[in-house]
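A.B. asks: Structure: coords_13.tsv, TSV, C-alpha atoms.
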chain	number	residue	atom	x	y	z
A	1	MET	CA	-18.70	-8.92	17.87
A	2	GLU	CA	-16.59	-11.08	15.54
A	3	LYS	CA	-12.94	-12.04	15.33
A	4	GLY	CA	-10.78	-9.54	13.46
A	5	TYR	CA	-10.22	-11.97	10.58
A	6	ILE	CA	-10.61	-15.53	9.43
A	7	LEU	CA	-8.66	-17.62	6.95
A	8	GLN	CA	-11.06	-18.81	4.25
A	9	GLY	CA	-9.15	-21.28	2.07
A	10	ASP	CA	-6.12	-19.29	1.01
A	11	VAL	CA	-7.79	-15.89	1.50
A	12	ILE	CA	-7.47	-13.79	4.65
A	13	VAL	CA	-10.87	-12.20	5.22
A	14	ILE	CA	-10.72	-9.09	7.40
A	15	HIS	CA	-13.94	-8.40	9.28
A	16	ARG	CA	-14.33	-4.66	8.96
A	17	ASP	CA	-16.07	-2.02	6.85
A	18	LEU	CA	-14.37	-0.44	3.87
A	19	THR	CA	-12.74	2.95	4.45
A	20	ASP	CA	-12.23	5.81	2.01
A	21	LEU	CA	-8.61	4.63	1.72
A	22	ASP	CA	-9.84	1.18	0.61
A	23	PHE	CA	-12.11	2.79	-1.99
A	24	PHE	CA	-9.13	4.71	-3.39
A	25	VAL	CA	-7.06	1.50	-3.66
A	26	ARG	CA	-9.98	-0.48	-5.06
A	27	ASP	CA	-10.70	2.13	-7.76
A	28	PHE	CA	-7.04	2.28	-8.76
A	29	LEU	CA	-6.75	-1.51	-8.93
A	30	THR	CA	-9.91	-1.80	-11.02
A	31	ILE	CA	-8.10	0.17	-13.71
A	32	LEU	CA	-4.65	-1.36	-13.23
A	33	LYS	CA	-5.89	-4.95	-13.41
A	34	LYS	CA	-7.06	-4.37	-17.00
A	35	HIS	CA	-3.44	-3.70	-17.95
A	36	SER	CA	-1.12	-5.48	-15.54
A	37	ASP	CA	-0.59	-7.72	-12.56
A	38	TYR	CA	0.35	-6.06	-9.25
A	39	LEU	CA	1.17	-6.51	-5.57
A	40	ILE	CA	0.24	-4.10	-2.77
A	41	VAL	CA	3.15	-3.85	-0.30
A	42	SER	CA	4.23	-2.00	2.84
A	43	GLY	CA	2.03	0.30	4.94
A	44	PHE	CA	-1.33	-0.55	3.38
A	45	VAL	CA	-0.86	-4.22	4.32
A	46	SER	CA	-0.68	-3.24	7.99
A	47	ILE	CA	-3.42	-0.62	7.76
A	48	ALA	CA	-5.75	-2.99	5.89
A	49	SER	CA	-5.36	-5.40	8.79
A	50	GLY	CA	-6.10	-2.86	11.49
A	51	ARG	CA	-2.93	-0.91	12.23
A	52	THR	CA	-4.21	2.44	13.40
A	53	ARG	CA	-1.98	5.12	11.96
A	54	GLY	CA	-2.19	7.79	9.33
A	55	THR	CA	-0.84	7.23	5.86
A	56	GLU	CA	-0.26	9.31	2.80
A	57	ASP	CA	0.75	6.75	0.23
A	58	VAL	CA	0.06	3.21	-0.85
A	59	ASP	CA	2.91	1.24	-2.42
A	60	LEU	CA	2.32	-1.08	-5.34
A	61	LEU	CA	4.72	-3.30	-7.30
A	62	MET	CA	4.06	-3.56	-11.02
A	63	PRO	CA	6.16	-5.50	-13.55
A	64	ILE	CA	7.80	-3.21	-16.05
A	65	MET	CA	5.65	-2.77	-19.18
A	66	ASP	CA	6.40	-1.58	-22.70
A	67	LYS	CA	5.55	1.93	-23.80
A	68	ILE	CA	2.43	0.99	-25.73
A	69	LYS	CA	0.93	-0.85	-22.75
A	70	PHE	CA	1.95	1.92	-20.37
A	71	THR	CA	0.34	4.56	-22.60
A	72	ALA	CA	-2.97	2.66	-22.55
A	73	PHE	CA	-2.75	2.25	-18.75
A	74	PHE	CA	-1.95	5.93	-18.23
A	75	GLN	CA	-4.80	7.06	-20.50
A	76	ASP	CA	-7.20	4.79	-18.66
A	77	LEU	CA	-6.15	6.32	-15.33
A	78	THR	CA	-6.48	9.91	-16.52
A	79	ASN	CA	-9.85	9.13	-18.14
A	80	ASN	CA	-11.03	7.84	-14.78
A	81	GLY	CA	-10.11	10.75	-12.53
A	82	PHE	CA	-6.46	10.21	-11.58
A	83	TRP	CA	-3.48	12.52	-12.11
A	84	CYS	CA	0.22	11.77	-11.90
A	85	TYR	CA	2.66	13.84	-9.80
A	86	GLN	CA	5.49	13.39	-12.30
A	87	GLY	CA	3.78	14.44	-15.54
A	88	ASP	CA	0.78	14.67	-17.82
A	89	SER	CA	1.77	12.43	-20.72
A	90	SER	CA	3.12	8.94	-21.26
A	91	GLU	CA	6.01	10.59	-23.16
A	92	GLU	CA	7.05	12.33	-19.94
A	93	LEU	CA	6.38	9.36	-17.69
A	94	TYR	CA	7.63	6.33	-19.56
A	95	PRO	CA	11.33	7.14	-18.90
A	96	TYR	CA	10.59	6.72	-15.17
A	97	ILE	CA	9.11	3.27	-15.78
A	98	LYS	CA	11.96	2.28	-18.08
A	99	ASP	CA	14.50	3.33	-15.41
A	100	LEU	CA	12.56	1.48	-12.67
A	101	GLN	CA	11.70	4.71	-10.87
A	102	SER	CA	8.43	5.13	-9.01
A	103	ILE	CA	5.61	7.39	-10.13
A	104	ARG	CA	2.69	8.51	-8.01
A	105	PHE	CA	-0.99	8.87	-8.80
A	106	ALA	CA	-3.75	10.58	-6.84
A	107	ARG	CA	-7.33	11.50	-7.60
A	108	VAL	CA	-7.77	14.73	-9.56
A	109	ASN	CA	-7.52	17.77	-7.24
A	110	GLU	CA	-6.19	15.65	-4.38
A	111	MET	CA	-2.65	15.12	-3.09
A	112	PHE	CA	-3.36	12.25	-0.75
A	113	PRO	CA	-3.78	9.40	-0.68
A	114	ASN	CA	-1.51	8.59	-3.57
A	115	MET	CA	-0.53	5.33	-5.19
A	116	GLU	CA	3.22	4.88	-5.56
A	117	VAL	CA	3.69	2.61	-8.55
A	118	ILE	CA	7.04	0.82	-8.28
A	119	PRO	CA	8.16	-0.86	-11.50
A	120	ILE	CA	10.05	-4.12	-11.01
A	121	THR	CA	11.89	-6.73	-13.05
A	122	GLU	CA	13.19	-10.19	-12.17
A	123	LYS	CA	16.51	-8.54	-11.30
A	124	ARG	CA	14.99	-7.06	-8.13
A	125	LYS	CA	15.09	-10.47	-6.48
A	126	ALA	CA	13.35	-9.85	-3.15
A	127	LYS	CA	10.64	-7.73	-4.72
A	128	TYR	CA	10.18	-10.22	-7.54
A	129	PHE	CA	9.94	-13.06	-5.02
A	130	GLU	CA	7.11	-11.43	-3.07
A	131	PHE	CA	5.43	-10.43	-6.33
A	132	THR	CA	5.38	-14.07	-7.45
A	133	HIS	CA	4.17	-15.40	-4.07
A	134	PRO	CA	1.07	-13.32	-3.37
A	135	GLN	CA	-1.29	-13.69	-0.43
A	136	LYS	CA	-4.94	-12.82	-1.08
A	137	MET	CA	-6.67	-10.50	1.37
A	138	LYS	CA	-10.37	-9.59	1.29
A	139	ILE	CA	-12.54	-6.93	2.93
A	140	HIS	CA	-16.21	-7.44	1.99
A	141	ASN	CA	-16.13	-7.76	-1.80
A	142	PHE	CA	-12.75	-6.01	-2.21
A	143	GLU	CA	-10.05	-8.63	-2.79
A	144	PHE	CA	-6.42	-7.71	-3.39
A	145	LYS	CA	-2.96	-9.24	-3.32
A	146	VAL	CA	-0.27	-8.60	-0.71
A	147	PRO	CA	3.06	-10.30	0.06
A	148	PRO	CA	3.21	-13.39	2.25
A	149	LEU	CA	2.74	-11.98	5.77
A	150	GLU	CA	6.00	-13.50	7.04
A	151	PHE	CA	7.87	-11.84	4.15
A	152	GLU	CA	6.25	-8.45	4.81
A	153	ILE	CA	7.12	-8.67	8.53
A	154	LEU	CA	10.76	-9.60	7.91
A	155	TYR	CA	11.16	-6.94	5.21
A	156	LYS	CA	10.04	-4.29	7.69
A	157	GLU	CA	12.21	-5.66	10.48
A	158	LEU	CA	15.40	-6.33	8.50
A	159	ILE	CA	15.41	-3.81	5.64
A	160	LEU	CA	13.22	-0.81	6.43
A	161	LYS	CA	13.72	-0.74	10.22
A	162	GLY	CA	12.18	2.69	10.86
A	163	LYS	CA	9.99	3.13	13.93
A	164	LYS	CA	6.83	3.13	11.82
A	165	ASP	CA	7.99	-0.07	10.07
A	166	LEU	CA	8.85	-1.85	13.32
A	167	ASP	CA	5.46	-0.91	14.77
A	168	ASP	CA	3.79	-2.21	11.60
A	169	ALA	CA	5.74	-5.47	11.89
A	170	LYS	CA	4.76	-5.79	15.55
A	171	HIS	CA	1.12	-5.26	14.63
A	172	LEU	CA	1.26	-7.92	11.90
A	173	ARG	CA	3.09	-10.43	14.13
A	174	THR	CA	0.47	-9.97	16.86
A	175	PHE	CA	-2.71	-9.66	14.79
A	176	PHE	CA	-1.89	-12.66	12.60
A	177	ALA	CA	-0.17	-14.69	15.35
A	178	THR	CA	-2.45	-17.68	14.86
A	179	ILE	CA	-1.70	-18.14	11.14
A	180	LEU	CA	1.98	-17.17	10.79
A	181	LYS	CA	4.29	-20.08	9.96
A	182	LYS	CA	7.78	-20.41	11.47
A	183	GLU	CA	9.07	-22.34	8.45
A	184	ARG	CA	8.16	-19.47	6.17
A	185	PHE	CA	10.17	-17.02	8.29
A	186	LYS	CA	13.16	-19.37	7.87
A	187	GLU	CA	12.60	-19.67	4.14
A	188	TYR	CA	12.21	-15.94	3.52
A	189	GLU	CA	14.94	-14.55	5.75
A	190	PRO	CA	17.90	-15.36	3.44
A	191	ILE	CA	16.04	-13.93	0.44
A	192	ILE	CA	15.52	-10.67	2.31
A	193	ARG	CA	19.01	-10.57	3.83
A	194	ALA	CA	20.44	-10.88	0.29
A	195	GLU	CA	19.03	-7.36	-0.31
A	196	LEU	CA	21.51	-6.07	2.27
A	197	SER	CA	24.59	-7.46	0.55
B	1	MET	CA	3.55	1.45	28.49
B	2	ASN	CA	5.79	2.11	25.50
B	3	ASP	CA	4.62	2.50	21.88
B	4	LEU	CA	5.38	-1.08	20.89
B	5	ASP	CA	3.45	-2.44	23.86
B	6	TYR	CA	0.50	-0.30	22.85
B	7	VAL	CA	0.71	-1.61	19.28
B	8	GLN	CA	0.77	-5.17	20.58
B	9	LEU	CA	-2.11	-4.65	23.00
B	10	TYR	CA	-4.28	-3.03	20.35
B	11	ALA	CA	-3.52	-5.79	17.79
B	12	GLU	CA	-4.37	-8.48	20.35
B	13	LYS	CA	-7.70	-6.86	21.14
B	14	MET	CA	-8.49	-6.24	17.48
B	15	ARG	CA	-7.79	-9.89	16.63
B	16	GLU	CA	-10.56	-10.94	19.00
B	17	ASP	CA	-12.97	-8.01	18.63
B	18	ASN	CA	-13.61	-6.45	15.24
B	19	THR	CA	-15.63	-3.56	16.70
B	20	LEU	CA	-12.27	-1.81	17.23
B	21	PHE	CA	-12.01	-1.37	13.47
B	22	LYS	CA	-14.65	1.37	13.77
B	23	GLN	CA	-12.16	3.64	15.57
B	24	GLN	CA	-9.52	2.91	12.95
B	25	LYS	CA	-11.93	3.85	10.13
B	26	LYS	CA	-12.73	7.15	11.85
B	27	LEU	CA	-9.05	8.05	12.23
B	28	ILE	CA	-8.14	7.17	8.64
B	29	GLU	CA	-11.05	9.07	7.16
B	30	ALA	CA	-10.54	12.11	9.40
B	31	GLN	CA	-6.93	12.31	8.22
B	32	LEU	CA	-7.95	12.05	4.56
B	33	ARG	CA	-10.63	14.73	4.96
B	34	GLY	CA	-8.18	17.04	6.72
B	35	SER	CA	-5.55	16.57	4.04
B	36	SER	CA	-8.06	17.09	1.24
B	37	SER	CA	-9.33	20.31	2.80
B	38	LEU	CA	-5.83	21.66	3.48
B	39	PHE	CA	-4.39	21.05	0.02
B	40	GLY	CA	-7.61	22.08	-1.69
B	41	LYS	CA	-7.27	25.50	-0.07
B	42	MET	CA	-3.50	25.74	-0.61
B	43	PHE	CA	-3.70	24.92	-4.33
B	44	SER	CA	-7.01	26.53	-5.26
B	45	GLN	CA	-5.65	28.51	-8.25
B	46	ASN	CA	-4.26	25.67	-10.37
B	47	PHE	CA	-4.08	22.45	-8.41
B	48	LYS	CA	-1.59	20.44	-10.46
B	49	VAL	CA	0.82	23.31	-11.09
B	50	GLN	CA	0.83	24.41	-7.46
B	51	ALA	CA	1.01	20.86	-6.15
B	52	ARG	CA	4.05	20.09	-8.29
B	53	GLU	CA	5.73	23.30	-7.18
B	54	TYR	CA	5.12	22.29	-3.55
B	55	LEU	CA	6.50	18.79	-4.15
B	56	ARG	CA	9.61	20.15	-5.92
B	57	LYS	CA	10.35	22.55	-3.04
B	58	ARG	CA	10.31	19.59	-0.68
B	59	GLY	CA	12.53	17.46	-2.88
B	60	LEU	CA	9.72	15.02	-3.59
B	61	LEU	CA	9.81	15.49	-7.36
As a first step, turn the structure in this file into C-alpha coordinates.

C.D. replies:
Amino acid sequence: MEKGYILQGDVIVIHRDLTDLDFFVRDFLTILKKHSDYLIVSGFVSIASGRTRGTEDVDLLMPIMDKIKFTAFFQDLTNNGFWCYQGDSSEELYPYIKDLQSIRFARVNEMFPNMEVIPITEKRKAKYFEFTHPQKMKIHNFEFKVPPLEFEILYKELILKGKKDLDDAKHLRTFFATILKKERFKEYEPIIRAELS
Amino acid sequence: MNDLDYVQLYAEKMREDNTLFKQQKKLIEAQLRGSSSLFGKMFSQNFKVQAREYLRKRGLL
(Lines of atoms letter the chains of each structure in order from A and count residues from 1; the text may use other names and numbers.)
(Lines give C-alpha, C1' and ligand atoms only; values in the text may rest on other atoms or scores of the structure.)
Protein backbone atom coordinates (compact mmCIF):
# COMPACT_ATOMS: atom_id res chain seq x y z
CA MET A 1 0.00 0.00 0.00
CA GLU A 2 1.26 3.47 -0.95
CA LYS A 3 -0.10 7.00 -0.66
CA GLY A 4 -2.36 8.03 -3.53
CA TYR A 5 0.19 10.54 -4.82
CA ILE A 6 3.40 12.35 -4.05
CA LEU A 7 4.75 15.70 -5.16
CA GLN A 8 8.08 15.13 -6.92
CA GLY A 9 9.60 18.55 -7.58
CA ASP A 10 6.86 20.32 -9.49
CA VAL A 11 5.23 17.11 -10.75
CA ILE A 12 2.29 15.40 -9.07
CA VAL A 13 2.90 11.67 -9.36
CA ILE A 14 -0.27 9.60 -9.01
CA HIS A 15 0.35 6.08 -7.72
CA ARG A 16 -1.93 3.98 -9.85
CA ASP A 17 -1.93 1.83 -12.99
CA LEU A 18 -2.82 3.29 -16.37
CA THR A 19 -6.40 2.74 -17.55
CA ASP A 20 -7.73 2.41 -21.09
CA LEU A 21 -8.88 6.04 -20.75
CA ASP A 22 -5.29 7.10 -20.00
CA PHE A 23 -4.05 5.19 -23.06
CA PHE A 24 -6.57 7.05 -25.23
CA VAL A 25 -5.39 10.43 -23.87
CA ARG A 26 -1.73 9.45 -24.10
CA ASP A 27 -2.07 8.32 -27.74
CA PHE A 28 -3.89 11.52 -28.68
CA LEU A 29 -1.31 13.71 -26.95
CA THR A 30 1.58 11.89 -28.61
CA ILE A 31 0.22 13.15 -31.93
CA LEU A 32 -0.89 16.59 -30.76
CA LYS A 33 2.44 17.44 -29.13
CA LYS A 34 4.16 17.23 -32.53
CA HIS A 35 1.97 20.11 -33.69
CA SER A 36 0.90 22.20 -30.72
CA ASP A 37 0.98 22.91 -27.02
CA TYR A 38 -2.09 21.88 -24.97
CA LEU A 39 -3.73 21.72 -21.55
CA ILE A 40 -6.04 18.94 -20.32
CA VAL A 41 -8.90 20.47 -18.31
CA SER A 42 -12.10 19.52 -16.49
CA GLY A 43 -13.29 15.96 -15.81
CA PHE A 44 -10.12 14.10 -16.74
CA VAL A 45 -8.17 16.06 -14.11
CA SER A 46 -10.46 14.66 -11.40
CA ILE A 47 -10.63 11.17 -12.90
CA ALA A 48 -6.84 11.01 -13.35
CA SER A 49 -6.55 11.70 -9.64
CA GLY A 50 -9.00 9.04 -8.55
CA ARG A 51 -12.52 10.43 -8.89
CA THR A 52 -14.62 7.36 -9.54
CA ARG A 53 -17.22 8.24 -12.12
CA GLY A 54 -17.93 7.49 -15.72
CA THR A 55 -16.91 9.86 -18.46
CA GLU A 56 -17.47 10.17 -22.15
CA ASP A 57 -15.20 13.02 -23.11
CA VAL A 58 -11.87 14.56 -22.28
CA ASP A 59 -11.50 18.32 -22.67
CA LEU A 60 -8.33 19.85 -24.05
CA LEU A 61 -7.36 23.49 -24.65
CA MET A 62 -5.28 24.16 -27.75
CA PRO A 63 -4.11 27.57 -28.98
CA ILE A 64 -5.67 28.47 -32.29
CA MET A 65 -3.47 27.40 -35.23
CA ASP A 66 -3.32 28.42 -38.87
CA LYS A 67 -4.86 26.28 -41.57
CA ILE A 68 -1.60 24.77 -42.78
CA LYS A 69 -0.64 23.62 -39.28
CA PHE A 70 -4.15 22.36 -38.59
CA THR A 71 -4.18 20.36 -41.83
CA ALA A 72 -0.94 18.62 -40.84
CA PHE A 73 -2.31 17.91 -37.35
CA PHE A 74 -5.59 16.56 -38.72
CA GLN A 75 -3.82 14.32 -41.25
CA ASP A 76 -1.56 12.97 -38.52
CA LEU A 77 -4.60 12.10 -36.39
CA THR A 78 -6.46 10.36 -39.21
CA ASN A 79 -3.30 8.48 -40.23
CA ASN A 80 -3.07 7.20 -36.67
CA GLY A 81 -6.56 5.84 -36.16
CA PHE A 82 -8.69 8.81 -35.07
CA TRP A 83 -11.84 10.23 -36.68
CA CYS A 84 -13.54 13.56 -36.12
CA TYR A 85 -17.26 13.89 -35.33
CA GLN A 86 -17.57 17.15 -37.29
CA GLY A 87 -16.02 16.15 -40.61
CA ASP A 88 -13.51 14.26 -42.71
CA SER A 89 -11.33 17.02 -44.12
CA SER A 90 -9.43 20.03 -42.84
CA GLU A 91 -11.50 22.11 -45.32
CA GLU A 92 -14.64 21.15 -43.39
CA LEU A 93 -13.06 21.46 -39.96
CA TYR A 94 -10.89 24.54 -40.08
CA PRO A 95 -13.88 26.95 -39.91
CA TYR A 96 -14.66 25.48 -36.46
CA ILE A 97 -11.12 26.20 -35.27
CA LYS A 98 -11.14 29.67 -36.78
CA ASP A 99 -14.44 30.45 -34.99
CA LEU A 100 -13.12 29.01 -31.70
CA GLN A 101 -15.63 26.16 -31.73
CA SER A 102 -14.77 22.76 -30.33
CA ILE A 103 -14.28 19.65 -32.42
CA ARG A 104 -14.24 16.09 -31.14
CA PHE A 105 -12.04 13.14 -32.00
CA ALA A 106 -12.44 9.46 -31.15
CA ARG A 107 -10.71 6.30 -32.26
CA VAL A 108 -11.94 4.88 -35.57
CA ASN A 109 -15.17 2.88 -35.06
CA GLU A 110 -15.60 4.21 -31.52
CA MET A 111 -17.80 6.99 -30.15
CA PHE A 112 -16.31 7.19 -26.68
CA PRO A 113 -14.08 8.26 -25.21
CA ASN A 114 -13.66 11.35 -27.32
CA MET A 115 -11.27 14.26 -27.10
CA GLU A 116 -12.98 17.64 -27.20
CA VAL A 117 -10.43 20.03 -28.67
CA ILE A 118 -11.22 23.58 -27.55
CA PRO A 119 -9.38 26.27 -29.51
CA ILE A 120 -8.37 29.31 -27.46
CA THR A 121 -6.77 32.71 -27.94
CA GLU A 122 -5.43 35.26 -25.46
CA LYS A 123 -8.88 36.88 -25.52
CA ARG A 124 -10.33 33.99 -23.51
CA LYS A 125 -8.65 35.31 -20.39
CA ALA A 126 -9.42 32.63 -17.80
CA LYS A 127 -8.71 29.80 -20.22
CA TYR A 128 -5.54 31.49 -21.42
CA PHE A 129 -4.41 32.00 -17.83
CA GLU A 130 -4.72 28.31 -16.95
CA PHE A 131 -3.12 27.38 -20.27
CA THR A 132 -0.07 29.49 -19.44
CA HIS A 133 0.20 28.20 -15.83
CA PRO A 134 0.25 24.44 -16.26
CA GLN A 135 0.68 21.85 -13.53
CA LYS A 136 2.45 18.63 -14.52
CA MET A 137 0.83 15.34 -13.54
CA LYS A 138 2.36 11.89 -14.06
CA ILE A 139 1.08 8.31 -13.96
CA HIS A 140 3.94 5.85 -14.52
CA ASN A 141 5.66 7.17 -17.65
CA PHE A 142 2.64 9.16 -18.88
CA GLU A 143 3.15 12.85 -18.08
CA PHE A 144 0.64 15.51 -19.06
CA LYS A 145 -0.32 19.08 -18.24
CA VAL A 146 -3.39 20.20 -16.30
CA PRO A 147 -4.43 23.55 -14.79
CA PRO A 148 -3.22 24.59 -11.35
CA LEU A 149 -5.37 22.49 -8.99
CA GLU A 150 -6.70 25.54 -7.14
CA PHE A 151 -7.79 27.06 -10.48
CA GLU A 152 -9.51 23.84 -11.58
CA ILE A 153 -11.37 23.59 -8.25
CA LEU A 154 -12.57 27.20 -8.32
CA TYR A 155 -13.59 26.97 -11.98
CA LYS A 156 -15.82 24.00 -11.16
CA GLU A 157 -17.24 25.66 -8.05
CA LEU A 158 -17.81 29.16 -9.44
CA ILE A 159 -18.44 28.72 -13.17
CA LEU A 160 -19.61 25.20 -13.97
CA LYS A 161 -21.49 24.49 -10.72
CA GLY A 162 -23.28 21.31 -11.87
CA LYS A 163 -23.56 18.43 -9.42
CA LYS A 164 -20.87 16.47 -11.25
CA ASP A 165 -18.57 19.52 -11.18
CA LEU A 166 -19.13 20.19 -7.48
CA ASP A 167 -18.42 16.54 -6.68
CA ASP A 168 -15.25 16.74 -8.79
CA ALA A 169 -14.19 19.89 -6.92
CA LYS A 170 -14.87 18.20 -3.59
CA HIS A 171 -12.77 15.24 -4.65
CA LEU A 172 -9.87 17.48 -5.70
CA ARG A 173 -10.06 19.58 -2.51
CA THR A 174 -9.96 16.43 -0.37
CA PHE A 175 -7.50 14.28 -2.32
CA PHE A 176 -4.97 17.10 -2.72
CA ALA A 177 -5.65 18.72 0.67
CA THR A 178 -2.01 18.51 1.73
CA ILE A 179 -0.61 20.43 -1.27
CA LEU A 180 -3.29 23.04 -2.06
CA LYS A 181 -2.25 26.62 -1.34
CA LYS A 182 -4.64 29.20 0.14
CA GLU A 183 -2.81 32.09 -1.53
CA ARG A 184 -3.38 30.56 -4.93
CA PHE A 185 -7.14 30.36 -4.31
CA LYS A 186 -7.05 34.09 -3.51
CA GLU A 187 -4.99 34.86 -6.60
CA TYR A 188 -7.16 32.84 -8.99
CA GLU A 189 -10.63 33.72 -7.74
CA PRO A 190 -10.84 37.21 -9.35
CA ILE A 191 -9.56 35.83 -12.66
CA ILE A 192 -12.31 33.23 -12.66
CA ARG A 193 -15.02 35.59 -11.39
CA ALA A 194 -14.20 37.92 -14.31
CA GLU A 195 -15.63 35.18 -16.58
CA LEU A 196 -19.02 35.81 -14.98
CA SER A 197 -19.13 39.51 -15.79
CA MET B 1 -24.53 9.83 4.05
CA ASN B 2 -25.09 12.20 1.13
CA ASP B 3 -23.22 12.09 -2.21
CA LEU B 4 -20.72 14.79 -1.29
CA ASP B 5 -19.85 13.05 1.97
CA TYR B 6 -19.24 9.86 0.03
CA VAL B 7 -16.99 11.72 -2.42
CA GLN B 8 -15.04 13.19 0.48
CA LEU B 9 -14.72 9.89 2.32
CA TYR B 10 -13.52 8.06 -0.79
CA ALA B 11 -10.99 10.81 -1.63
CA GLU B 12 -9.62 10.74 1.92
CA LYS B 13 -9.15 6.98 1.81
CA MET B 14 -7.65 7.08 -1.68
CA ARG B 15 -5.14 9.73 -0.60
CA GLU B 16 -3.75 7.32 1.98
CA ASP B 17 -4.27 3.99 0.21
CA ASN B 18 -3.63 3.66 -3.52
CA THR B 19 -5.08 0.14 -3.68
CA LEU B 20 -8.49 1.84 -4.09
CA PHE B 21 -7.43 2.91 -7.58
CA LYS B 22 -7.96 -0.71 -8.68
CA GLN B 23 -11.73 -0.34 -8.24
CA GLN B 24 -11.69 2.93 -10.16
CA LYS B 25 -9.81 1.31 -13.07
CA LYS B 26 -12.37 -1.51 -13.21
CA LEU B 27 -15.30 0.94 -13.33
CA ILE B 28 -13.75 3.15 -16.01
CA GLU B 29 -12.81 0.25 -18.24
CA ALA B 30 -16.16 -1.51 -17.80
CA GLN B 31 -17.91 1.66 -18.93
CA LEU B 32 -15.66 2.02 -21.97
CA ARG B 33 -16.16 -1.63 -22.96
CA GLY B 34 -19.93 -1.30 -22.58
CA SER B 35 -20.03 1.85 -24.67
CA SER B 36 -17.82 0.35 -27.37
CA SER B 37 -19.98 -2.75 -27.60
CA LEU B 38 -23.25 -0.78 -27.69
CA PHE B 39 -22.25 1.70 -30.40
CA GLY B 40 -20.41 -0.96 -32.38
CA LYS B 41 -23.69 -2.87 -32.68
CA MET B 42 -25.82 0.24 -33.27
CA PHE B 43 -23.62 1.56 -36.09
CA SER B 44 -22.46 -1.68 -37.69
CA GLN B 45 -23.44 -0.71 -41.27
CA ASN B 46 -21.38 2.46 -41.70
CA PHE B 47 -20.00 3.67 -38.40
CA LYS B 48 -19.19 7.30 -39.19
CA VAL B 49 -22.37 8.00 -41.16
CA GLN B 50 -24.62 6.40 -38.55
CA ALA B 51 -22.74 7.96 -35.65
CA ARG B 52 -23.10 11.45 -37.13
CA GLU B 53 -26.80 10.88 -37.76
CA TYR B 54 -27.19 9.84 -34.11
CA LEU B 55 -25.28 12.90 -32.90
CA ARG B 56 -27.33 15.26 -35.10
CA LYS B 57 -30.62 13.83 -33.80
CA ARG B 58 -29.46 14.60 -30.28
CA GLY B 59 -28.35 18.12 -31.14
CA LEU B 60 -24.71 17.26 -30.54
CA LEU B 61 -23.56 18.18 -34.05

A.B. asks: Taking all atoms listed in the file into account, name the residue in B:Val49, B:Leu9, B:Leu60, B:Ile28 that is nearest to A:Ala48.

C.D. replies: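 Closest candidate: B:Ile28.
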
A.B. asks: Using all atoms listed in the file, which residues of chain A come within 7 Å of chain B, and what is the closest atom pair for each, with the distance in Å to one decimal? Give it as a tab-separated table, sorted by chain and residue number.

C.D. replies:
residue	atom	partner	partner_atom	distance
A:Met1	CA	B:Asp17	CA	5.9
A:Glu2	CA	B:Asn18	CA	5.5
A:Lys3	CA	B:Glu16	CA	4.5
A:Gly4	CA	B:Arg15	CA	4.4
A:Tyr5	CA	B:Arg15	CA	6.8
A:His15	CA	B:Asn18	CA	6.3
A:Arg16	CA	B:Phe21	CA	6.0
A:Thr19	CA	B:Lys25	CA	5.8
A:Asp20	CA	B:Glu29	CA	6.2
A:Gly50	CA	B:Phe21	CA	6.4
A:Thr52	CA	B:Gln24	CA	5.3
A:Gly54	CA	B:Ile28	CA	6.0
A:Tyr85	CA	B:Arg52	CA	6.6
A:Gln86	CA	B:Leu61	CA	6.9
A:Asn109	CA	B:Phe47	CA	5.9
A:Glu110	CA	B:Ser36	CA	6.1
A:Met111	CA	B:Phe39	CA	6.9
A:Phe112	CA	B:Ser35	CA	6.8
A:Asp167	CA	B:Leu4	CA	6.1
A:Lys170	CA	B:Gln8	CA	6.5
A:His171	CA	B:Ala11	CA	5.6
A:Thr174	CA	B:Ala11	CA	5.9
A:Phe175	CA	B:Ala11	CA	5.0

A.B. asks: I'd like to know which of A:Ile179, A:Lys163, A:Leu61, A:Thr78 is closest to A:Ser42, using all atoms listed in the file.

C.D. replies: A:Leu61

A.B. asks: Pick the closest to A:Ile103 from A:Met65, A:Leu60, A:Ala194, A:Ile31: which is it, counting all atoms listed in the file?

C.D. replies: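 Closest to A:Ile103, using all atoms listed in the file: A:Leu60.
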
A.B. asks: First collect every listed atom of stretch 85-92 of chain A; then fit an axis-aligned box around them, widen it by 5 Å on each side, and give centre and edge lengths in Å to one decimal, as lines of an AutoDock Vina configuration file.

C.D. replies:
center_x = 3.9
center_y = 11.8
center_z = -16.5
size_x = 16.3
size_y = 15.7
size_z = 23.4

A.B. asks: Record the distance separating atom CA of A:Phe151 and atom CA of A:Phe70, expressed in Å with one decimal.

C.D. replies: 28.7 Å

A.B. asks: Please report the interatomic distance between atom CA of A:Phe129 and atom CA of A:Ile191 in Å with one decimal.

C.D. replies: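 Value for the atom CA of A:Phe129-atom CA of A:Ile191 distance: 8.2 Å.
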
A.B. asks: With all atoms listed in the file counted, which protein, DNA or RNA residues have an atom no more than 12 Å from (5.8, -10.7, 10.1) in the file frame? Please answer as a PyMOL selection string.

C.D. replies: chain A and resi 42+45-46+147-158+165-182+184-186+188-189

A.B. asks: Which residue out of A:Lys98, A:Arg104, A:Arg51, A:Lys161 has the minimum interatomic distance to A:Leu77 when all atoms listed in the file are used?

C.D. replies: A:Arg104

A.B. asks: Report, in Å to a single decimal, how far apart atom CA of A:Ile14 and atom CA of A:Val58 are.

C.D. replies: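 The value is 18.3 Å.
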